[in-house]
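Trainee: File name structure.cif; file contents mmCIF, C-alpha atoms; full text below.
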```
data_final
#
loop_
_atom_site.group_PDB
_atom_site.id
_atom_site.type_symbol
_atom_site.label_atom_id
_atom_site.label_comp_id
_atom_site.auth_asym_id
_atom_site.auth_seq_id
_atom_site.Cartn_x
_atom_site.Cartn_y
_atom_site.Cartn_z
ATOM 1 C CA MET O 947 3.319 10.203 -8.455
ATOM 2 C CA GLN O 948 6.559 8.642 -9.705
ATOM 3 C CA ILE O 949 10.080 9.858 -9.046
ATOM 4 C CA GLU O 950 12.997 8.282 -10.903
ATOM 5 C CA LEU O 951 15.870 7.573 -8.489
ATOM 6 C CA ILE O 952 19.569 7.593 -9.305
ATOM 7 C CA ASP O 953 19.880 3.797 -9.008
ATOM 8 C CA GLY O 954 17.158 3.242 -11.631
ATOM 9 C CA SER O 955 14.408 2.419 -9.135
ATOM 10 C CA VAL O 956 11.213 4.465 -8.923
ATOM 11 C CA LEU O 957 9.579 6.034 -5.865
ATOM 12 C CA VAL O 958 5.826 5.671 -6.326
ATOM 13 C CA ASP O 959 2.661 6.674 -4.484
ATOM 14 C CA LYS O 960 -0.329 4.612 -5.600
ATOM 15 C CA HIS O 961 -3.927 5.100 -4.473
ATOM 16 C CA PHE O 962 -6.372 2.220 -3.989
ATOM 17 C CA ALA O 963 -9.879 1.642 -2.725
ATOM 18 C CA ALA O 964 -9.457 0.175 0.744
ATOM 19 C CA ASP O 965 -11.565 -2.726 1.919
ATOM 20 C CA VAL O 966 -11.523 -2.389 5.714
ATOM 21 C CA VAL O 967 -13.334 -5.088 7.677
ATOM 22 C CA GLN O 968 -13.674 -6.045 11.325
ATOM 23 C CA VAL O 969 -12.241 -9.496 12.086
ATOM 24 C CA GLU O 970 -12.983 -10.432 15.665
ATOM 25 C CA LYS O 971 -11.931 -7.223 17.464
ATOM 26 C CA ARG O 972 -9.386 -5.930 14.950
ATOM 27 C CA MET O 973 -9.495 -4.138 11.620
ATOM 28 C CA VAL O 974 -7.951 -5.707 8.509
ATOM 29 C CA ALA O 975 -7.437 -3.606 5.383
ATOM 30 C CA MET O 976 -6.782 -4.676 1.823
ATOM 31 C CA ILE O 977 -4.670 -1.721 0.707
ATOM 32 C CA SER O 978 -3.566 -2.794 -2.779
ATOM 33 C CA SER O 979 -4.635 -5.334 -5.380
ATOM 34 C CA GLU O 980 -3.156 -6.661 -8.602
ATOM 35 C CA GLY O 981 -5.875 -4.959 -10.642
ATOM 36 C CA VAL O 982 -5.190 -2.187 -13.133
ATOM 37 C CA ASP O 983 -5.276 1.159 -11.312
ATOM 38 C CA THR O 984 -6.408 4.562 -12.595
ATOM 39 C CA ASP O 985 -2.926 5.241 -14.039
ATOM 40 C CA GLY O 986 -3.045 1.988 -16.013
ATOM 41 C CA ASP O 987 -0.462 0.430 -13.691
ATOM 42 C CA VAL O 988 -0.384 -3.044 -12.158
ATOM 43 C CA MET O 989 1.486 -3.843 -8.930
ATOM 44 C CA HIS O 990 2.117 -7.560 -8.474
ATOM 45 C CA ALA O 991 1.616 -8.606 -4.863
ATOM 46 C CA GLY O 992 3.496 -11.905 -4.929
ATOM 47 C CA ARG O 993 6.338 -13.598 -6.726
ATOM 48 C CA THR O 994 6.301 -13.774 -10.515
ATOM 49 C CA LYS O 995 9.025 -14.852 -12.956
ATOM 50 C CA ASN O 996 10.048 -11.153 -13.074
ATOM 51 C CA GLY O 997 10.294 -10.356 -9.364
ATOM 52 C CA ALA O 998 9.341 -10.992 -5.745
ATOM 53 C CA GLY O 999 6.285 -8.702 -5.570
ATOM 54 C CA TRP O 1000 5.885 -6.772 -2.315
ATOM 55 C CA LEU O 1001 9.009 -6.671 -0.101
ATOM 56 C CA LEU O 1002 7.681 -6.162 3.429
ATOM 57 C CA ASP O 1003 10.530 -6.778 5.896
ATOM 58 C CA THR O 1004 11.539 -3.131 6.262
ATOM 59 C CA TYR O 1005 7.941 -1.961 6.685
ATOM 60 C CA ASN O 1006 7.088 -4.660 9.219
ATOM 61 C CA ARG O 1007 10.118 -3.737 11.343
ATOM 62 C CA ASN O 1008 8.924 -0.111 11.453
ATOM 63 C CA PRO O 1009 5.306 0.183 10.253
ATOM 64 C CA ILE O 1010 4.360 3.714 9.230
ATOM 65 C CA ILE O 1011 0.901 5.035 8.479
ATOM 66 C CA THR O 1012 0.985 8.659 7.378
ATOM 67 C CA TRP O 1013 -1.680 11.167 6.542
ATOM 68 C CA SER O 1014 -1.334 12.226 2.876
ATOM 69 C CA HIS O 1015 2.266 10.933 2.780
ATOM 70 C CA ASP O 1016 3.268 13.730 5.181
ATOM 71 C CA ARG O 1017 6.117 12.334 7.270
ATOM 72 C CA ILE O 1018 7.362 15.792 8.271
ATOM 73 C CA SER O 1019 4.583 17.770 9.959
ATOM 74 C CA ARG O 1020 2.408 14.823 11.053
ATOM 75 C CA PRO O 1021 4.073 11.902 12.898
ATOM 76 C CA ASN O 1022 3.211 8.245 12.347
ATOM 77 C CA ILE O 1023 -0.481 7.685 13.169
ATOM 78 C CA GLY O 1024 -0.281 3.875 13.027
ATOM 79 C CA SER O 1025 0.196 1.634 16.038
ATOM 80 C CA ALA O 1026 3.319 -0.454 16.509
ATOM 81 C CA ASP O 1027 1.430 -3.733 15.932
ATOM 82 C CA VAL O 1028 0.510 -2.974 12.272
ATOM 83 C CA ARG O 1029 1.791 -5.683 9.922
ATOM 84 C CA ALA O 1030 1.716 -5.976 6.138
ATOM 85 C CA ARG O 1031 1.176 -9.295 4.386
ATOM 86 C CA VAL O 1032 0.344 -10.610 0.934
ATOM 87 C CA GLY O 1033 -2.879 -12.614 0.779
ATOM 88 C CA LYS O 1034 -5.858 -13.438 -1.416
ATOM 89 C CA THR O 1035 -8.653 -11.004 -2.197
ATOM 90 C CA ASP O 1036 -12.319 -12.073 -2.216
ATOM 91 C CA ASP O 1037 -12.116 -12.674 -5.972
ATOM 92 C CA GLY O 1038 -9.005 -14.871 -5.671
ATOM 93 C CA GLN O 1039 -6.401 -12.293 -6.724
ATOM 94 C CA ARG O 1040 -3.375 -11.576 -4.591
ATOM 95 C CA GLY O 1041 -3.404 -8.332 -2.668
ATOM 96 C CA LEU O 1042 -1.521 -6.404 -0.020
ATOM 97 C CA PHE O 1043 -3.146 -6.345 3.420
ATOM 98 C CA LEU O 1044 -2.522 -4.619 6.729
ATOM 99 C CA ASP O 1045 -3.455 -7.130 9.427
ATOM 100 C CA PRO O 1046 -3.968 -5.676 11.913
ATOM 101 C CA PHE O 1047 -4.793 -2.230 10.537
ATOM 102 C CA SER O 1048 -4.639 -0.165 13.679
ATOM 103 C CA PHE O 1049 -3.964 3.356 14.806
ATOM 104 C CA ASP O 1050 -2.179 5.083 17.686
ATOM 105 C CA MET O 1051 -5.413 5.627 19.620
ATOM 106 C CA PRO O 1052 -3.972 7.922 22.356
ATOM 107 C CA ASP O 1053 -3.217 10.388 19.520
ATOM 108 C CA PRO O 1054 -6.467 12.349 18.940
ATOM 109 C CA PHE O 1055 -5.840 12.766 15.209
ATOM 110 C CA ALA O 1056 -5.039 9.049 14.763
ATOM 111 C CA ALA O 1057 -8.198 8.135 16.708
ATOM 112 C CA GLU O 1058 -10.238 10.442 14.461
ATOM 113 C CA ILE O 1059 -8.857 8.756 11.330
ATOM 114 C CA ALA O 1060 -9.420 5.270 12.804
ATOM 115 C CA GLY O 1061 -13.056 6.185 13.451
ATOM 116 C CA LYS O 1062 -13.493 7.343 9.859
ATOM 117 C CA TYR O 1063 -12.252 3.957 8.578
ATOM 118 C CA GLU O 1064 -14.419 2.058 11.071
ATOM 119 C CA ARG O 1065 -17.507 4.041 9.961
ATOM 120 C CA LYS O 1066 -16.462 3.639 6.281
ATOM 121 C CA VAL O 1067 -16.253 7.417 5.801
ATOM 122 C CA LEU O 1068 -12.697 6.913 4.503
ATOM 123 C CA LYS O 1069 -12.494 4.169 1.876
ATOM 124 C CA GLN O 1070 -9.109 4.657 0.239
ATOM 125 C CA THR O 1071 -5.473 4.138 1.037
ATOM 126 C CA SER O 1072 -2.290 5.073 -0.694
ATOM 127 C CA VAL O 1073 0.962 3.159 -0.592
ATOM 128 C CA GLY O 1074 4.445 4.629 -0.831
ATOM 129 C CA ALA O 1075 7.003 2.218 -2.261
ATOM 130 C CA VAL O 1076 10.331 2.014 -4.012
ATOM 131 C CA ALA O 1077 9.922 -0.115 -7.140
ATOM 132 C CA THR O 1078 13.086 -1.904 -8.224
ATOM 133 C CA LYS O 1079 11.719 -4.168 -10.983
ATOM 134 C CA PHE O 1080 9.162 -2.801 -13.408
ATOM 135 C CA ASP O 1081 8.419 -2.538 -17.101
ATOM 136 C CA ILE O 1082 6.137 -0.717 -19.516
ATOM 137 C CA ARG O 1083 2.671 -2.299 -19.694
ATOM 138 C CA ARG O 1084 1.179 -2.441 -23.172
ATOM 139 C CA GLU O 1085 -2.246 -3.160 -24.528
ATOM 140 C CA GLY O 1086 -1.450 -4.119 -28.090
ATOM 141 C CA ASP O 1087 0.781 -1.357 -29.496
ATOM 142 C CA ILE O 1088 -0.370 1.222 -26.949
ATOM 143 C CA VAL O 1089 1.559 2.056 -23.777
ATOM 144 C CA ALA O 1090 -1.036 1.507 -21.044
ATOM 145 C CA GLY O 1091 1.042 2.123 -17.885
ATOM 146 C CA ARG O 1092 3.690 0.335 -15.876
ATOM 147 C CA GLU O 1093 3.814 -3.172 -14.498
ATOM 148 C CA TYR O 1094 5.584 -3.436 -11.146
ATOM 149 C CA PHE O 1095 7.169 -6.795 -10.310
ATOM 150 C CA GLU O 1096 9.103 -5.926 -7.150
ATOM 151 C CA GLN O 1097 8.579 -3.031 -4.757
ATOM 152 C CA ARG O 1098 9.594 -2.265 -1.175
ATOM 153 C CA LEU O 1099 6.735 -0.919 0.956
ATOM 154 C CA ILE O 1100 7.753 2.266 2.783
ATOM 155 C CA GLU O 1101 4.505 3.692 4.120
ATOM 156 C CA VAL O 1102 0.730 3.529 3.908
#
```
When written as structure tokens, how does the structure in this file appear?

Mentor:
Amino acid sequence: MQIELIDGSVLVDKHFAADVVQVEKRMVAMISSEGVDTDGDVMHAGRTKNGAGWLLDTYNRNPIITWSHDRISRPNIGSADVRARVGKTDDGQRGLFLDPFSFDMPDPFAAEIAGKYERKVLKQTSVGAVATKFDIRREGDIVAGREYFEQRLIEV
């Protein structure tokens, strides 16, 4: 989903396969990579000549994990210690990680969702972001999608 905003930025929801692993006693999730997604889009994780990549300050001050981007009827299911960071994927690409990736366990629904990630029943995430620097991505003469160079993470 993409919504053009008045200031020229774009509100986007992007879906990714999530790689959730146990590290010591915490979960870490790779929630976005720099690979081409199903819409033909690429979201750069780190700084390029065209932008800063993921802007994480706002998210890390108030981390929000929603269920299906529903911030109205379902409150935040993430715990307060969730933090986003840019790091390297197993294949050497940059990606966006939640480390730790944790849920508000006293909330029964959040605990249910945490269990589904731990058991690898759920294997995808979706990020909500406001993209401020982006361009059309082409493959030869064909428009293949968008290339995002700078985006502010809002929710996961």

Trainee: Please write the residues picked by the PyMOL selection byres ((chain O and resi 988) around 12) on this file as a ChimeraX atom specification.

Mentor: /O:960-962,978-987,989-991,999,1040-1041,1077,1080-1084,1090-1097

Trainee: When the PyMOL selection byres ((chain O and resi 1046) around 6) is applied to the file above, which residues end up in the set, as a PyMOL selection string?

Mentor: chain O and resi 973-974+1028+1044-1045+1047-1048

Trainee: Enumerate, as a list in words, the residues matched when the PyMOL selection byres ((chain O and resi 1055) around 12) is run on the file above.

Mentor: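 Those residues are Thr1012, Trp1013, Arg1020, Pro1021, Asn1022, Ile1023, Gly1024, Phe1049, Asp1050, Met1051, Pro1052, Asp1053, Pro1054, Ala1056, Ala1057, Glu1058, Ile1059, Ala1060, Gly1061 and Lys1062 of chain O.
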
Trainee: Could you work out an axis-aligned box for segment 1054-1061 of chain O, taking every atom the file lists and adding 4 Å on each side, and report centre and edge lengths in Å to one decimal, as JSON?

Mentor:
```
{"center_x": -9.0, "center_y": 9.0, "center_z": 15.1, "size_x": 16.0, "size_y": 15.5, "size_z": 15.6}
```

Trainee: Work out how far apart atom CA of Gly1074 of chain O and atom CA of Thr1035 of chain O are and give it in Å to one decimal.

Mentor: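 Between these atoms lies a distance of 20.4 Å.
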
Trainee: Expressed in Å to a single decimal, how great is the separation between atom CA of Asn1008 of chain O and atom CA of Ala1026 of chain O?

Mentor: 7.6 Å
